[in-house]
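Structure file my_file_28.cif with mmCIF, C-alpha atoms and all ligand atoms:
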data_data
loop_
_atom_site.label_atom_id
_atom_site.label_comp_id
_atom_site.auth_asym_id
_atom_site.auth_seq_id
_atom_site.Cartn_x
_atom_site.Cartn_y
_atom_site.Cartn_z
CA MET A 1 68.79 -0.71 -20.41
CA PRO A 2 71.07 -3.76 -20.28
CA HIS A 3 69.23 -7.07 -19.95
CA ALA A 4 69.62 -9.70 -17.24
CA VAL A 5 72.41 -11.68 -18.92
CA SER A 6 74.31 -8.50 -19.73
CA LEU A 7 74.09 -7.42 -16.07
CA LEU A 8 75.20 -10.85 -14.89
CA ARG A 9 78.14 -10.73 -17.29
CA ALA A 10 79.17 -7.31 -15.97
CA ALA A 11 78.93 -8.52 -12.37
CA ARG A 12 80.96 -11.63 -13.19
CA LEU A 13 83.61 -9.57 -14.99
CA ALA A 14 83.88 -7.26 -12.00
CA ARG A 15 84.69 -10.29 -9.82
CA SER A 16 87.41 -11.59 -12.15
CA SER A 17 90.98 -11.00 -11.18
CA LYS A 18 92.23 -11.81 -14.66
CA PRO A 19 90.63 -11.22 -18.04
CA PHE A 20 88.53 -14.05 -19.46
CA LEU A 21 89.99 -15.24 -22.76
CA ALA A 22 87.34 -16.93 -24.83
CA ARG A 23 88.52 -20.02 -26.64
CA GLY A 24 88.52 -19.26 -30.33
CA GLY A 25 87.37 -15.75 -29.54
CA PHE A 26 88.37 -12.67 -31.42
CA LYS A 27 90.05 -9.68 -29.90
CA ARG A 28 88.77 -6.84 -32.06
CA ASP A 29 86.47 -4.15 -30.65
CA ARG A 30 83.22 -5.64 -29.50
CA CYS A 31 79.79 -4.07 -29.38
CA ALA A 32 78.69 -3.99 -25.74
CA ASP A 33 75.10 -4.82 -26.64
CA CYS A 34 75.52 -7.91 -28.82
CA ARG A 35 79.13 -8.90 -27.95
CA LEU A 36 80.07 -9.19 -31.62
CA SER A 37 82.86 -7.22 -33.21
CA VAL A 38 81.53 -3.79 -34.15
CA THR A 39 81.93 -4.62 -37.84
CA HIS A 40 79.50 -7.54 -37.39
CA CYS A 41 77.09 -5.95 -34.89
CA MET A 42 73.56 -7.34 -35.05
CA CYS A 43 71.83 -4.94 -32.68
CA ALA A 44 69.65 -3.60 -35.49
CA LEU A 45 68.19 -7.09 -35.87
CA ARG A 46 67.15 -7.56 -32.27
CA PRO A 47 63.60 -8.93 -32.40
CA SER A 48 60.74 -7.71 -30.28
CA VAL A 49 58.01 -10.30 -29.73
CA PRO A 50 55.62 -10.00 -26.81
CA THR A 51 55.29 -13.22 -24.83
CA ARG A 52 53.58 -14.25 -21.60
CA ALA A 53 56.36 -16.72 -20.87
CA GLY A 54 59.30 -15.91 -18.65
CA MET A 55 62.78 -17.40 -18.74
CA CYS A 56 64.91 -18.00 -15.67
CA LEU A 57 68.51 -18.78 -16.55
CA LEU A 58 70.69 -20.45 -13.96
CA MET A 59 74.15 -19.96 -15.37
CA ALA A 60 77.31 -21.87 -14.61
CA ASP A 61 80.15 -19.67 -13.43
CA VAL A 62 81.87 -18.62 -16.68
CA GLU A 63 78.83 -19.06 -18.92
CA PRO A 64 77.86 -15.34 -18.96
CA LEU A 65 81.40 -14.54 -20.12
CA LYS A 66 81.37 -16.77 -23.20
CA PRO A 67 80.81 -14.79 -26.39
CA SER A 68 78.98 -17.80 -27.82
CA ASN A 69 76.52 -18.05 -24.91
CA THR A 70 73.00 -18.09 -26.32
CA GLY A 71 71.20 -17.22 -23.08
CA TRP A 72 72.06 -13.71 -24.21
CA LEU A 73 69.80 -14.13 -27.24
CA ILE A 74 66.91 -15.23 -25.05
CA ALA A 75 67.33 -12.11 -22.91
CA ASP A 76 67.44 -10.00 -26.09
CA MET A 77 63.98 -11.19 -27.05
CA VAL A 78 62.03 -12.37 -24.01
CA ALA A 79 61.33 -9.28 -21.89
CA ASP A 80 60.91 -11.26 -18.67
CA THR A 81 64.24 -13.03 -18.68
CA PHE A 82 65.95 -13.46 -15.33
CA ALA A 83 69.55 -14.62 -14.98
CA PHE A 84 71.37 -15.88 -11.92
CA GLY A 85 74.89 -17.17 -11.48
CA TRP A 86 74.72 -20.64 -9.98
CA ALA A 87 76.80 -21.70 -6.99
CA ARG A 88 76.28 -24.79 -4.86
CA THR A 89 76.92 -23.00 -1.61
CA GLU A 90 74.88 -19.84 -2.05
CA THR A 91 71.57 -18.91 -3.61
CA ASP A 92 70.51 -15.42 -4.63
CA PRO A 93 67.46 -14.51 -2.49
CA ALA A 94 65.97 -12.84 -5.59
CA LEU A 95 65.83 -16.27 -7.25
CA LEU A 96 63.89 -17.76 -4.34
CA THR A 97 61.51 -14.77 -4.39
CA LEU A 98 60.96 -15.21 -8.12
CA LEU A 99 60.15 -18.91 -7.74
CA LYS A 100 57.51 -18.08 -5.11
CA ASP A 101 55.89 -15.27 -7.11
CA PRO A 102 52.28 -16.43 -7.68
CA GLN A 103 52.06 -14.98 -11.20
CA TRP A 104 54.57 -17.58 -12.39
CA GLN A 105 54.29 -21.31 -12.79
CA PRO A 106 57.86 -22.61 -12.82
CA PHE A 107 59.06 -25.61 -14.81
CA VAL A 108 62.61 -26.95 -14.59
CA VAL A 109 63.67 -27.96 -18.08
CA PHE A 110 65.73 -31.14 -17.89
CA PRO A 111 65.78 -34.57 -19.56
CA GLY A 112 63.13 -36.75 -17.92
CA GLU A 113 65.21 -39.91 -18.13
CA PHE A 114 67.30 -38.67 -15.18
CA VAL A 115 64.35 -37.76 -12.96
CA GLU A 116 61.77 -39.62 -10.85
CA PRO A 117 58.89 -40.22 -13.28
CA GLU A 118 56.26 -38.59 -11.04
CA ARG A 119 57.95 -35.20 -11.45
CA VAL A 120 58.16 -35.33 -15.24
CA VAL A 121 55.74 -33.50 -17.56
CA HIS A 122 55.86 -33.24 -21.34
CA SER A 123 53.46 -30.37 -21.86
CA VAL A 124 52.80 -26.94 -20.40
CA ASN A 125 49.43 -26.94 -18.59
CA LEU A 126 48.91 -23.74 -16.67
CA ASP A 127 47.03 -23.44 -13.38
CA HIS A 128 44.60 -20.65 -12.60
CA ALA A 129 45.23 -18.63 -9.47
CA GLY A 130 41.44 -18.36 -9.06
CA ASP A 131 38.29 -18.87 -11.14
CA ALA A 132 38.20 -15.33 -12.52
CA GLN A 133 41.95 -15.06 -12.86
CA PRO A 134 43.94 -15.51 -16.07
CA PRO A 135 46.13 -18.60 -16.13
CA LYS A 136 49.52 -18.32 -14.53
CA ARG A 137 52.48 -17.43 -16.72
CA PRO A 138 54.97 -20.21 -17.48
CA LEU A 139 58.45 -19.62 -16.10
CA PHE A 140 61.00 -21.88 -17.74
CA ILE A 141 64.08 -22.56 -15.64
CA LEU A 142 66.99 -23.29 -17.96
CA LEU A 143 70.25 -24.72 -16.63
CA ASP A 144 72.83 -22.96 -18.75
CA GLY A 145 76.19 -24.67 -18.82
CA THR A 146 77.87 -27.83 -20.04
CA TRP A 147 75.94 -31.06 -19.59
CA SER A 148 77.90 -31.97 -16.47
CA GLU A 149 77.37 -28.48 -15.01
CA ALA A 150 73.65 -28.69 -15.76
CA ARG A 151 73.42 -32.08 -14.03
CA LYS A 152 75.19 -30.69 -10.99
CA MET A 153 72.89 -27.66 -10.89
CA PHE A 154 69.88 -29.93 -11.12
CA ARG A 155 71.05 -32.27 -8.35
CA LYS A 156 72.39 -29.69 -5.94
CA SER A 157 69.71 -26.99 -5.96
CA PRO A 158 67.19 -27.98 -3.25
CA TYR A 159 64.84 -25.13 -4.25
CA LEU A 160 64.22 -26.94 -7.55
CA ASP A 161 63.32 -30.27 -5.95
CA ALA A 162 59.60 -29.54 -5.57
CA LEU A 163 59.10 -28.21 -9.09
CA PRO A 164 57.82 -30.18 -12.09
CA VAL A 165 60.41 -31.16 -14.65
CA LEU A 166 59.56 -30.34 -18.25
CA SER A 167 61.24 -32.93 -20.44
CA LEU A 168 61.55 -32.03 -24.10
CA GLU A 169 61.17 -34.63 -26.80
CA LEU A 170 64.20 -33.81 -28.87
CA ALA A 171 63.72 -35.57 -32.15
CA GLN A 172 65.58 -33.02 -34.24
CA ILE A 173 69.35 -32.88 -34.35
CA SER A 174 70.81 -29.64 -33.11
CA GLN A 175 71.98 -27.24 -35.78
CA TYR A 176 74.09 -25.56 -33.27
CA LYS A 177 77.70 -25.72 -34.45
CA LEU A 178 79.42 -23.08 -32.38
CA ARG A 179 80.24 -25.26 -29.44
CA ARG A 180 81.02 -28.94 -29.35
CA SER A 181 79.13 -31.02 -26.89
CA ARG A 182 79.43 -34.55 -25.57
CA ARG A 183 75.86 -35.41 -26.34
CA ASP A 184 74.26 -35.20 -29.75
CA ASP A 185 70.94 -34.17 -28.29
CA HIS A 186 72.41 -31.44 -26.12
CA PHE A 187 70.67 -28.44 -27.60
CA CYS A 188 72.03 -24.98 -26.95
CA THR A 189 70.14 -22.90 -24.43
CA SER A 190 68.27 -20.68 -26.86
CA GLU A 191 67.10 -23.74 -28.79
CA VAL A 192 65.72 -25.19 -25.58
CA ALA A 193 63.99 -21.87 -24.86
CA SER A 194 62.52 -21.89 -28.34
CA LEU A 195 61.11 -25.39 -27.81
CA CYS A 196 59.63 -24.27 -24.48
CA LEU A 197 57.93 -21.28 -26.12
CA SER A 198 56.49 -23.61 -28.70
CA LEU A 199 55.12 -25.92 -25.97
CA ALA A 200 53.57 -22.86 -24.32
CA GLY A 201 51.72 -22.13 -27.56
CA GLU A 202 53.86 -19.08 -28.38
CA GLU A 203 54.75 -20.12 -31.89
CA LEU A 204 55.78 -16.70 -33.25
CA ALA A 205 58.16 -16.15 -30.34
CA ALA A 206 59.47 -19.71 -30.72
CA GLN A 207 60.21 -19.33 -34.42
CA THR A 208 61.66 -15.86 -34.04
CA LEU A 209 64.09 -17.03 -31.36
CA GLU A 210 65.08 -20.00 -33.49
CA VAL A 211 65.89 -17.89 -36.54
CA TYR A 212 67.53 -15.22 -34.38
CA LEU A 213 69.98 -17.94 -33.31
CA ASP A 214 70.70 -18.69 -36.97
CA VAL A 215 71.35 -15.01 -37.62
CA PHE A 216 73.61 -14.83 -34.56
CA SER A 217 75.50 -17.95 -35.66
CA HIS A 218 76.13 -16.40 -39.06
CA HIS A 219 77.36 -13.08 -37.58
CA TYR A 220 79.49 -14.91 -35.01
CA LEU A 221 81.19 -17.20 -37.52
CA GLN A 222 81.68 -14.48 -40.12
CA ALA A 223 83.27 -12.24 -37.48
CA LYS A 224 85.52 -15.06 -36.33
CA ASN A 225 86.61 -15.77 -39.91
CA GLN A 226 86.80 -12.07 -40.77
CA GLN A 227 84.27 -12.48 -43.55
CA PRO A 228 81.49 -10.02 -44.45
CA ILE A 229 77.86 -10.50 -43.39
CA ASP A 230 75.35 -11.74 -45.93
CA TRP A 231 72.46 -9.50 -44.88
CA ASP A 232 70.10 -11.20 -47.28
CA ASP A 233 70.71 -14.86 -46.53
CA ALA A 234 67.80 -17.16 -45.66
CA ALA A 235 68.03 -16.50 -41.92
CA HIS A 236 68.02 -12.71 -42.27
CA GLN A 237 65.11 -12.88 -44.71
CA ARG A 238 63.14 -15.14 -42.40
CA LEU A 239 63.78 -12.90 -39.40
CA ARG A 240 62.44 -9.91 -41.35
CA GLU A 241 59.40 -11.91 -42.45
CA LEU A 242 58.61 -12.90 -38.88
CA ALA A 243 58.92 -9.27 -37.82
CA GLY A 244 56.63 -8.21 -40.68
CA GLN A 245 59.34 -6.05 -42.19
CA PRO A 246 59.89 -5.41 -45.92
CA PRO A 247 62.88 -7.02 -47.65
CA ALA A 248 66.20 -5.21 -47.50
CA PRO A 249 66.66 -2.68 -50.31
CA VAL A 250 68.86 -3.87 -53.16
CA LEU A 251 72.06 -1.85 -53.07
CA ALA A 252 73.18 -0.51 -56.45
ZN ZN B 301 75.78 -4.76 -31.47
#
Would it be possible to restate this file's structure as structure tokens?
Amino acid sequence: MPHAVSLLRAARLARSSKPFLARGGFKRDRCADCRLSVTHCMCALRPSVPTRAGMCLLMADVEPLKPSNTGWLIADMVADTFAFGWARTETDPALLTLLKDPQWQPFVVFPGEFVEPERVVHSVNLDHAGDAQPPKRPLFILLDGTWSEARKMFRKSPYLDALPVLSLELAQISQYKLRRSRRDDHFCTSEVASLCLSLAGEELAAQTLEVYLDVFSHHYLQAKNQQPIDWDDAAHQRLRELAGQPPAPVLA
């Protein structure tokens, strides 16, 4: 069953009149499930970590088409990932329904310095629907695009205006090297999701997503440079450890 980002990509491709040519992309046969060239497929490494958190990706127009988009990795791992193409003039009714669903407690993830201070939170405190009810599930709304696209999405989406803004304290420097960005602290989307999972107390999911990004980055760059995969590098080993799997057999 294709996940939300995969479905959004297919819908966006169906609307395109001309093929999308990824900058620096490679033209060899791609695996439909991980977008990598079939020689560098990482589907066998797809992690499965149960989490109460949900992810809601609002994606700038061409974002689902980019082979380097990391929202895809979030959808690979977080079962309740929702993805919507963002447009200023129209809003998918399914998005509005999701935001009103009482099981979720939505947070818009955005830098607090650009927001009225009364909306900003730095931690994930979950409400209870009732005394005997379990706490609500956090739903992290991630604005997936360039920094200027994310700012536009934030400013021009009235349905987000009433929601709290979760501002991450980004002390670390992004290790993300696939895409250049104008801001040093502009983390890629799956890194932001990983930090959100950590704030929600879901440390295993947070770490797994973080190392899954490292594995993806390795496969992506090796495919681009037509180099073989090192299946036993630190990232692959760590991903197996987190999944509780034995080390890869040594090939004679
Ligand atoms: Zn694959």
Practice task
May I have the residues within 12 Å of Glu113 in chain A as a list in words, using all atoms listed in the file and disregarding those fewer than 6 positions away in the same chain?
Solution key: Arg119, Val120, Val121, His122, Val165, Leu166, Ser167, Leu168 and Glu169 of chain A
Exercise for the section: Would you list the residues that come within 12 Å of ligand ZN 301 (chain B)? Count all atoms listed in the file and give the answer as a ChimeraX atom specification. Expected result: /A:29-46,73,76,216,219-220
Handout entry: Polymer residues at most 12 Å from Ala162 in chain A, only C-alpha atoms, same-chain spacing of 5 or more positions, as a ChimeraX atom specification
Key = /A:99-100,106-108,116,118-120,154,157
Problem - Nearest candidate to Cys56 in chain A (options A:Leu95, A:Ala150, A:Ala132, A:Ala223; using all atoms listed in the file) - result: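 Between A:Leu95, A:Ala150, A:Ala132, A:Ala223, the residue approaching Cys56 in chain A most closely is A:Leu95.
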Handout entry: Given all atoms listed in the file as the counted atoms, nearest of A:Ile74, A:Phe140, A:Tyr159, A:Gln226 to His3 in chain A
Key =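 Nearest candidate to His3 in chain A out of A:Ile74, A:Phe140, A:Tyr159, A:Gln226: A:Ile74.
Picture a line from CA of Ala87 in chain A to CA of Val124 in chain A; it runs 28.0 Å.
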Problem - Contact residues around Glu191 in chain A with all atoms listed in the file at 9 Å, ignoring same-chain residues under 3 positions, as a list in words - result: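 Here the answer would be Thr70, Ser174, Tyr176, Phe187, Cys188, Ser194, Leu195, Cys196, Ala206, Leu209, Glu210 and Leu213 of chain A.
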Problem - Distance in Å - CA of Leu143 in chain A versus CA of Trp86 in chain A - result: 9.0 Å
Handout entry: Minimum-distance residue to Met77 in chain A, chosen among A:Leu13, A:Val49, A:Leu126, A:Leu98 (using all atoms listed in the file)
Key = A:Val49
Problem - One-decimal distance in Å that lies between CA of Met59 in chain A and CA of Glu202 in chain A - result: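 For CA of Glu202 in chain A relative to CA of Met59 in chain A, the distance reads 24.1 Å.
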Handout entry: Selected residue, from A:Ser68, A:Ala10, A:Arg240, A:Thr146, that lies nearest to His218 in chain A when counting all atoms listed in the file
Key =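 Closest to His218 in chain A, using all atoms listed in the file: A:Ser68.
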Exercise for the section: Select, from A:Ser17, A:Lys156, A:Asp101, A:Val5, the residue with the minimum atom-to-atom distance to Ala83 in chain A, counting only C-alpha atoms. Expected result: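 Distance minimum relative to Ala83 in chain A lands on A:Val5.
For the choices A:Leu142, A:Phe110, A:Trp104, A:Thr208, the atom-to-atom distance to Asp127 in chain A is smallest for A:Trp104 when using only C-alpha atoms.
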